[in-house]
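Asks: Quick one: this structure, given as structure tokens, is what I'll be asking you about.
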Amino acid sequence: EIFANRKIASLIEIESEKKTFVKSLVLLINKFQITNDFDGILKIQILKNTNGFPDDNSEQASFEINVAELMANHKPFTEQKIQLDLPNIIKYPKEGLFVILHLETDKKHTVSLTQNEDTQMFVYYPKEGWKKQNFNGYYYQLKILQ
């Protein structure tokens, strides 16, 4: 889950010998609970992978989504794919990249994403930095250009 006011990250690695560019990212929201008072901004960052951890100094892209608008036509407790178009097409680095999700809200809302056994989850702790967790990252699909 993306807990309110906590940054989480998942490493995205693809195998490609060709120059590859990322156009968008698709996430699968798993049984999202909708409430009438849901508010919050989902901040998304794309960062380079440096020694297996997100590199906060290498932002490739960033943008924000109002979660209430995103989920306006979504039925409660059902799965939904959401396509997040990057503000600009980015070149995929051979060492992979991290997608950071940060739900900013003053409520105790969460967004539950479908997990992917092939990726590792990372959580950001303000005093300690990025820490690898013992649970899977989230499911994703990339829309790429080659």
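We label chains A, B, ... in the order they appear in the structure tokens, count residues from 1 in each chain, and number ligands from 1 in the order shown.
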What's around region 55-67 of chain A at 7 Å? Count only C-alpha atoms, leave out sequence neighbours fewer than 5 positions away in its own chain, and write the answer as a short mmCIF file (atom, residue, chain, number, x, y, z; two decimals) with all heavy atoms, in the first residue's frame.
Replies:
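Final file, around.cif:
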data_model
loop_
_atom_site.label_atom_id
_atom_site.label_comp_id
_atom_site.auth_asym_id
_atom_site.auth_seq_id
_atom_site.Cartn_x
_atom_site.Cartn_y
_atom_site.Cartn_z
N ASP A 39 -9.24 12.91 -0.33
CA ASP A 39 -8.48 13.95 -1.01
C ASP A 39 -7.01 13.63 -0.86
O ASP A 39 -6.61 12.90 0.04
CB ASP A 39 -8.79 15.35 -0.45
CG ASP A 39 -8.34 15.52 0.99
OD1 ASP A 39 -7.98 14.53 1.64
OD2 ASP A 39 -8.34 16.66 1.47
N GLY A 40 -6.26 14.10 -1.77
CA GLY A 40 -4.83 13.85 -1.72
C GLY A 40 -4.21 13.98 -3.09
O GLY A 40 -4.89 13.90 -4.11
N ILE A 41 -2.94 14.20 -3.08
CA ILE A 41 -2.15 14.32 -4.31
C ILE A 41 -1.16 13.17 -4.34
O ILE A 41 -0.44 12.94 -3.37
CB ILE A 41 -1.39 15.67 -4.34
CG1 ILE A 41 -2.35 16.85 -4.25
CG2 ILE A 41 -0.51 15.76 -5.58
CD1 ILE A 41 -3.30 16.99 -5.42
N LEU A 42 -1.14 12.45 -5.44
CA LEU A 42 -0.16 11.39 -5.64
C LEU A 42 0.98 11.99 -6.44
O LEU A 42 0.81 12.38 -7.59
CB LEU A 42 -0.77 10.20 -6.38
CG LEU A 42 0.16 9.02 -6.62
CD1 LEU A 42 0.67 8.45 -5.29
CD2 LEU A 42 -0.54 7.95 -7.43
N LYS A 43 2.15 12.09 -5.79
CA LYS A 43 3.34 12.61 -6.46
C LYS A 43 4.14 11.43 -6.99
O LYS A 43 4.36 10.46 -6.28
CB LYS A 43 4.19 13.43 -5.50
CG LYS A 43 3.51 14.71 -5.07
CD LYS A 43 4.43 15.57 -4.25
CE LYS A 43 3.79 16.92 -4.03
NZ LYS A 43 4.72 17.87 -3.42
N ILE A 44 4.56 11.54 -8.24
CA ILE A 44 5.32 10.49 -8.90
C ILE A 44 6.65 11.07 -9.34
O ILE A 44 6.70 12.14 -9.94
CB ILE A 44 4.56 9.92 -10.11
CG1 ILE A 44 3.25 9.27 -9.66
CG2 ILE A 44 5.39 8.89 -10.85
CD1 ILE A 44 2.06 9.97 -10.14
N GLN A 45 7.74 10.35 -9.04
CA GLN A 45 9.07 10.73 -9.49
C GLN A 45 9.70 9.53 -10.17
O GLN A 45 9.49 8.40 -9.75
CB GLN A 45 9.98 11.08 -8.30
CG GLN A 45 9.85 12.44 -7.73
CD GLN A 45 10.91 12.62 -6.64
OE1 GLN A 45 10.88 11.93 -5.64
NE2 GLN A 45 11.83 13.53 -6.87
N ILE A 46 10.49 9.79 -11.17
CA ILE A 46 11.31 8.77 -11.82
C ILE A 46 12.76 9.14 -11.51
O ILE A 46 13.21 10.23 -11.86
CB ILE A 46 11.09 8.74 -13.35
CG1 ILE A 46 9.62 8.67 -13.71
CG2 ILE A 46 11.90 7.61 -13.97
CD1 ILE A 46 8.90 7.42 -13.30
N LEU A 47 13.45 8.22 -10.83
CA LEU A 47 14.84 8.44 -10.43
C LEU A 47 15.73 7.33 -10.98
O LEU A 47 15.28 6.20 -11.16
CB LEU A 47 14.98 8.45 -8.90
CG LEU A 47 14.18 9.48 -8.12
CD1 LEU A 47 14.38 9.28 -6.62
CD2 LEU A 47 14.56 10.89 -8.52
N LYS A 48 17.00 7.66 -11.20
CA LYS A 48 17.96 6.65 -11.65
C LYS A 48 18.31 5.71 -10.50
O LYS A 48 18.19 6.05 -9.32
CB LYS A 48 19.24 7.32 -12.17
CG LYS A 48 19.09 7.93 -13.53
CD LYS A 48 20.43 8.43 -14.04
CE LYS A 48 20.29 9.03 -15.43
NZ LYS A 48 21.58 9.54 -15.93
N ASN A 49 18.76 4.53 -10.88
CA ASN A 49 19.24 3.52 -9.94
C ASN A 49 20.74 3.72 -9.75
O ASN A 49 21.50 3.64 -10.69
CB ASN A 49 18.95 2.13 -10.53
CG ASN A 49 19.58 1.00 -9.74
OD1 ASN A 49 20.04 1.18 -8.63
ND2 ASN A 49 19.59 -0.17 -10.35
N THR A 50 21.16 3.96 -8.51
CA THR A 50 22.58 4.07 -8.20
C THR A 50 22.90 3.07 -7.10
O THR A 50 22.39 3.19 -5.98
CB THR A 50 22.94 5.51 -7.74
OG1 THR A 50 22.60 6.42 -8.79
CG2 THR A 50 24.42 5.63 -7.44
N LEU A 86 4.16 10.21 -18.78
CA LEU A 86 5.25 11.04 -18.30
C LEU A 86 5.19 12.41 -18.97
O LEU A 86 4.77 12.52 -20.12
CB LEU A 86 6.59 10.37 -18.59
CG LEU A 86 6.81 8.98 -17.98
CD1 LEU A 86 8.19 8.46 -18.35
CD2 LEU A 86 6.63 8.99 -16.48
N PRO A 87 5.61 13.45 -18.27
CA PRO A 87 5.57 14.79 -18.87
C PRO A 87 6.48 14.92 -20.08
O PRO A 87 6.25 15.75 -20.94
CB PRO A 87 6.02 15.72 -17.74
CG PRO A 87 6.58 14.86 -16.68
CD PRO A 87 6.10 13.47 -16.90
N ILE A 90 11.47 9.76 -21.62
CA ILE A 90 12.82 9.68 -21.05
C ILE A 90 13.55 8.45 -21.58
O ILE A 90 12.93 7.44 -21.90
CB ILE A 90 12.80 9.64 -19.50
CG1 ILE A 90 12.02 8.42 -18.99
CG2 ILE A 90 12.23 10.91 -18.93
CD1 ILE A 90 12.15 8.21 -17.50
#
Asks: Could you check which of A:Gln83, A:Ser10, A:Gln146, A:Thr105 is closest to Lys132 (chain A), using only C-alpha atoms?
Replies: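 Among the listed residues, A:Ser10 lies closest to Lys132 (chain A).
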Asks: Expressed in Å to a single decimal, how great is the separation between CA of Thr20 (chain A) and CA of Pro93 (chain A)?
Replies: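 Atom-to-atom, CA of Thr20 (chain A) and CA of Pro93 (chain A) are spaced 8.2 Å apart.
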Asks: Mind pulling up the distance from CA of Ser16 (chain A) to CA of Tyr140 (chain A)?
Replies: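 Calculated distance between CA of Tyr140 (chain A) and CA of Ser16 (chain A) is 17.0 Å.
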Asks: Determine, counting only C-alpha atoms, which protein, DNA and RNA residues have an atom within 8 Å of an atom of Trp130 (chain A); residues of the same chain fewer than 6 positions away are not included. Present the result as a VMD selection string.
Replies: chain A and resid 53 to 54 122 to 124
Asks: Would you mind exporting C-alpha atoms of the selected residues as a PDB file, in the first residue's frame?
Replies:
ATOM      1  CA  PHE A  53      18.919   2.404  -4.469  1.00  0.00           C
ATOM      2  CA  PRO A  54      16.960   5.418  -5.743  1.00  0.00           C
ATOM      3  CA  PHE A 122      11.916   0.518  -0.875  1.00  0.00           C
ATOM      4  CA  VAL A 123      10.673   3.010   1.733  1.00  0.00           C
ATOM      5  CA  TYR A 124      12.152   6.435   2.457  1.00  0.00           C
TER       6      TYR A 124
END
Asks: Work out how far CA of Tyr92 (chain A) is from CA of Glu128 (chain A), in Å to one decimal.
Replies: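 Separation between CA of Glu128 (chain A) and CA of Tyr92 (chain A): 27.8 Å.
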Asks: Here is a test: counting only C-alpha atoms, which residue of A:Ile29, A:Leu101, A:Leu142, A:Ile12 is nearest to Gln80 (chain A)?
Replies: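 Of A:Ile29, A:Leu101, A:Leu142, A:Ile12, the one nearest Gln80 (chain A) is A:Ile29, counting only C-alpha atoms.
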Asks: Near Lys143 (chain A), within 8 Å and counting only C-alpha atoms, which residues show up once chain neighbours fewer than 4 positions away are dropped, as a VMD selection string?
Replies: chain A and resid 22 to 26
Asks: Any chance you can output those residues with N, CA and C atoms as a CSV table (one decimal), in the first residue's frame?
Replies:
chain,number,residue,atom,x,y,z
A,22,VAL,N,11.0,5.6,-22.4
A,22,VAL,CA,9.8,5.3,-21.7
A,22,VAL,C,8.8,6.5,-21.9
A,23,LYS,N,7.6,6.1,-22.3
A,23,LYS,CA,6.6,7.1,-22.6
A,23,LYS,C,5.6,7.2,-21.5
A,24,SER,N,5.2,6.1,-20.9
A,24,SER,CA,4.2,6.1,-19.8
A,24,SER,C,4.4,4.9,-18.9
A,25,LEU,N,3.7,4.9,-17.8
A,25,LEU,CA,3.7,3.8,-16.8
A,25,LEU,C,2.3,3.5,-16.5
A,26,VAL,N,2.0,2.2,-16.4
A,26,VAL,CA,0.7,1.7,-16.0
A,26,VAL,C,0.8,1.0,-14.7
